[in-house]
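**Student:** Before we start, here is the structure in question, set down as structure tokens.
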Amino acid sequence: MEDFTHFNESGRARMVDVSDKAATARCAVAFGRVLVNRNTFDLIRSGGLKKGDVLTTAQIGGIMGAKRTSEIIPMCHNVPLSGVDIDFQMNEAALAVEITATAKCAGQTGVEMEALTAVSVAALTVYDMCKAVQRDIVIDRICLLRKSGGKSGEFVREGD
């Protein structure tokens with residue numbers, strides 16, 4: 001258990017103490033995708049869904065999710081975000097909405113969870129906006145692509 005930072009000496013959950021860590025510029029980029037059928041893909045692209053503009057709504061949802069990460073992930077610190085951006089790519093070959101979220105802060109702990117939450121909430125928002133026309137939507141491949149800053153330095157996902 002000593003390798004896991006979120007457990008105390010008794011093996012119980014704890015929030016990691018970051019008070020002795022230096023504040024540094026931190027950035028994390030996460031990815032995920034939403035797989036849909038041809039009809040749903042075309043409706044998203046054309047803006048033809050009755051609920052409205054899917055990607056704009058998902059953009060707002062993802063940013064809101066990043067801002068509230070510490071409220072839904074039990075051991076996350078409340079990170080003062082300096083920026084969150086979400087990008088969508090319509091991948092026609094895969095019939096997928098690909099989502100990339102970038103979260104930034106200057107702080108004592110990283111923003112990986114904020115970037116991952118942004119992608120997750122954006123993907124769930126796409127699902128919510130489209131579920132009336134397709135029930136078998138799949139959300140997959142949510143992962144951290146890269147992060148920088150802090151004691152552990154740079155991480156870049158390899159492969160995939």
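Following the order of the structure tokens, first chain is A, next is B, and so on, with residues numbered from 1 inside each chain and ligands from 1 in the order they appear.
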Set the distance at 8 Å and use only C-alpha atoms: which residues neighbour segment 137-143 of chain A once local chain neighbours fewer than 4 positions away are removed? I'd like the list as a count of residues only.
**Tutor:** 15
**Student:** For Glu154 of chain A, please output as a ChimeraX atom specification all residues within 10 Å (counting only C-alpha atoms; exclusion window: fewer than 5 positions along the same chain).
**Tutor:** /A:26-28,146-149
**Student:** With only C-alpha atoms as the basis for distance, which of A:Ala25, A:Val18, A:Leu81, A:Ile63 is at the shortest distance from Val121 of chain A?
**Tutor:**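 Among A:Ala25, A:Val18, A:Leu81, A:Ile63, it is A:Ile63 that comes nearest to Val121 of chain A.
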**Student:** Pick out the closest residue to Met75 of chain A from this set: A:Ser46, A:Gln108, A:Thr5, A:Gln134. Count only C-alpha atoms.
**Tutor:** A:Thr5
**Student:** Can you tell me, as number ranges by chain, which residues in chain A count as helix (DSSP H, G or I) by DSSP?
**Tutor:** A: 38-46, 54-67, 69-72, 112-130
**Student:** Can you check which residues of segment 25-105 of chain A DSSP gives as strand (DSSP E or B) on the backbone and send them as a ChimeraX atom specification?
**Tutor:** /A:25-35,81-91,96-105
**Student:** Keeping N, CA and C atoms, export the residues of the selection given above as a short mmCIF file (atom, residue, chain, number, x, y, z; two decimals), in the first residue's frame.
**Tutor:**
data_model
loop_
_atom_site.label_atom_id
_atom_site.label_comp_id
_atom_site.auth_asym_id
_atom_site.auth_seq_id
_atom_site.Cartn_x
_atom_site.Cartn_y
_atom_site.Cartn_z
N ALA A 25 3.63 25.56 -12.88
CA ALA A 25 2.69 25.53 -14.01
C ALA A 25 2.43 24.07 -14.35
N ARG A 26 1.17 23.72 -14.47
CA ARG A 26 0.79 22.33 -14.75
C ARG A 26 -0.23 22.30 -15.87
N CYS A 27 -0.13 21.25 -16.67
CA CYS A 27 -1.03 21.10 -17.81
C CYS A 27 -1.29 19.61 -18.01
N ALA A 28 -2.53 19.28 -18.33
CA ALA A 28 -2.87 17.90 -18.64
C ALA A 28 -3.81 17.88 -19.84
N VAL A 29 -3.64 16.88 -20.70
CA VAL A 29 -4.47 16.72 -21.89
C VAL A 29 -5.04 15.30 -21.86
N ALA A 30 -6.36 15.20 -21.98
CA ALA A 30 -7.04 13.91 -21.96
C ALA A 30 -7.83 13.73 -23.25
N PHE A 31 -8.17 12.49 -23.54
CA PHE A 31 -8.87 12.13 -24.77
C PHE A 31 -9.99 11.14 -24.46
N GLY A 32 -11.01 11.17 -25.27
CA GLY A 32 -12.07 10.16 -25.23
C GLY A 32 -12.87 10.26 -26.51
N ARG A 33 -13.72 9.28 -26.74
CA ARG A 33 -14.53 9.37 -27.95
C ARG A 33 -15.90 8.76 -27.70
N VAL A 34 -16.84 9.20 -28.53
CA VAL A 34 -18.21 8.73 -28.48
C VAL A 34 -18.52 8.10 -29.84
N LEU A 35 -18.84 6.80 -29.84
CA LEU A 35 -19.15 6.08 -31.07
C LEU A 35 -20.65 6.08 -31.30
N LEU A 81 -8.18 26.36 -11.37
CA LEU A 81 -7.88 26.23 -12.80
C LEU A 81 -7.61 27.60 -13.41
N SER A 82 -6.61 27.65 -14.27
CA SER A 82 -6.35 28.88 -15.01
C SER A 82 -6.91 28.80 -16.43
N GLY A 83 -7.24 27.57 -16.86
CA GLY A 83 -7.83 27.42 -18.19
C GLY A 83 -8.28 26.00 -18.45
N VAL A 84 -9.36 25.87 -19.21
CA VAL A 84 -9.86 24.58 -19.68
C VAL A 84 -10.32 24.79 -21.11
N ASP A 85 -9.88 23.92 -22.01
CA ASP A 85 -10.31 24.00 -23.40
C ASP A 85 -10.67 22.60 -23.87
N ILE A 86 -11.68 22.53 -24.70
CA ILE A 86 -12.13 21.25 -25.23
C ILE A 86 -12.23 21.37 -26.74
N ASP A 87 -11.70 20.35 -27.42
CA ASP A 87 -11.73 20.31 -28.87
C ASP A 87 -12.47 19.05 -29.32
N PHE A 88 -13.27 19.19 -30.36
CA PHE A 88 -14.02 18.06 -30.92
C PHE A 88 -13.58 17.83 -32.35
N GLN A 89 -13.39 16.57 -32.69
CA GLN A 89 -13.14 16.18 -34.07
C GLN A 89 -14.20 15.17 -34.47
N MET A 90 -14.81 15.38 -35.61
CA MET A 90 -15.78 14.42 -36.13
C MET A 90 -15.02 13.44 -37.01
N ASN A 91 -14.82 12.22 -36.52
CA ASN A 91 -14.07 11.19 -37.23
C ASN A 91 -15.07 10.35 -38.02
N ALA A 96 -17.26 8.61 -35.03
CA ALA A 96 -16.97 8.96 -33.65
C ALA A 96 -16.82 10.47 -33.48
N VAL A 97 -17.27 10.93 -32.32
CA VAL A 97 -16.95 12.28 -31.88
C VAL A 97 -15.73 12.13 -30.98
N GLU A 98 -14.59 12.66 -31.40
CA GLU A 98 -13.37 12.56 -30.62
C GLU A 98 -13.21 13.84 -29.81
N ILE A 99 -12.93 13.67 -28.54
CA ILE A 99 -12.89 14.79 -27.60
C ILE A 99 -11.50 14.88 -26.99
N THR A 100 -10.92 16.06 -27.03
CA THR A 100 -9.64 16.32 -26.37
C THR A 100 -9.85 17.50 -25.43
N ALA A 101 -9.48 17.31 -24.16
CA ALA A 101 -9.62 18.37 -23.17
C ALA A 101 -8.25 18.71 -22.60
N THR A 102 -8.01 20.00 -22.44
CA THR A 102 -6.78 20.51 -21.86
C THR A 102 -7.13 21.32 -20.63
N ALA A 103 -6.49 20.99 -19.51
CA ALA A 103 -6.68 21.74 -18.27
C ALA A 103 -5.34 22.29 -17.81
N LYS A 104 -5.35 23.52 -17.29
CA LYS A 104 -4.12 24.17 -16.84
C LYS A 104 -4.34 24.83 -15.48
N CYS A 105 -3.24 24.88 -14.72
CA CYS A 105 -3.25 25.63 -13.46
C CYS A 105 -1.82 25.96 -13.08
#
**Student:** Just want the 9 Å neighbourhood of Met64 of chain A, counted on only C-alpha atoms, with same-chain residues fewer than 5 positions away dropped. Output as a PyMOL selection string.
**Tutor:** chain A and resi 59+69+118+121
**Student:** Please measure the separation of atom CA of Gly52 of chain A and atom CA of Val126 of chain A, giving the value in Å to one decimal.
**Tutor:**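 So the two atoms, atom CA of Gly52 of chain A and atom CA of Val126 of chain A, lie 11.0 Å apart.
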**Student:** Quick one: pull the distance between atom CA of Val156 of chain A and atom CA of Thr109 of chain A, Å, one decimal.
**Tutor:**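 Atom-to-atom, atom CA of Val156 of chain A and atom CA of Thr109 of chain A are spaced 17.8 Å apart.
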**Student:** Considering only C-alpha atoms, return as JSON, numbers by chain whatever protein or nucleic-acid residues lie within 7 Å of Ala23 of chain A, sequence-local ones (same chain, fewer than 2 positions apart) excluded.
**Tutor:** {"A": [21, 106, 107, 108]}
**Student:** Pick the closest to Arg135 of chain A from A:Asp53, A:Thr40, A:Glu9, A:Ile73: which is it, counting only C-alpha atoms?
**Tutor:** A:Thr40
**Student:** My list of candidates is A:His6, A:Glu112, A:Ala58, A:His77. Which is closest to Ser19 of chain A when distances are computed with only C-alpha atoms?
**Tutor:**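 Among the listed residues, A:His77 lies closest to Ser19 of chain A.
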**Student:** Using only C-alpha atoms, which of A:Cys76, A:Cys130, A:Ala94, A:Ala122 sits nearest Met15 of chain A?
**Tutor:** A:Cys76
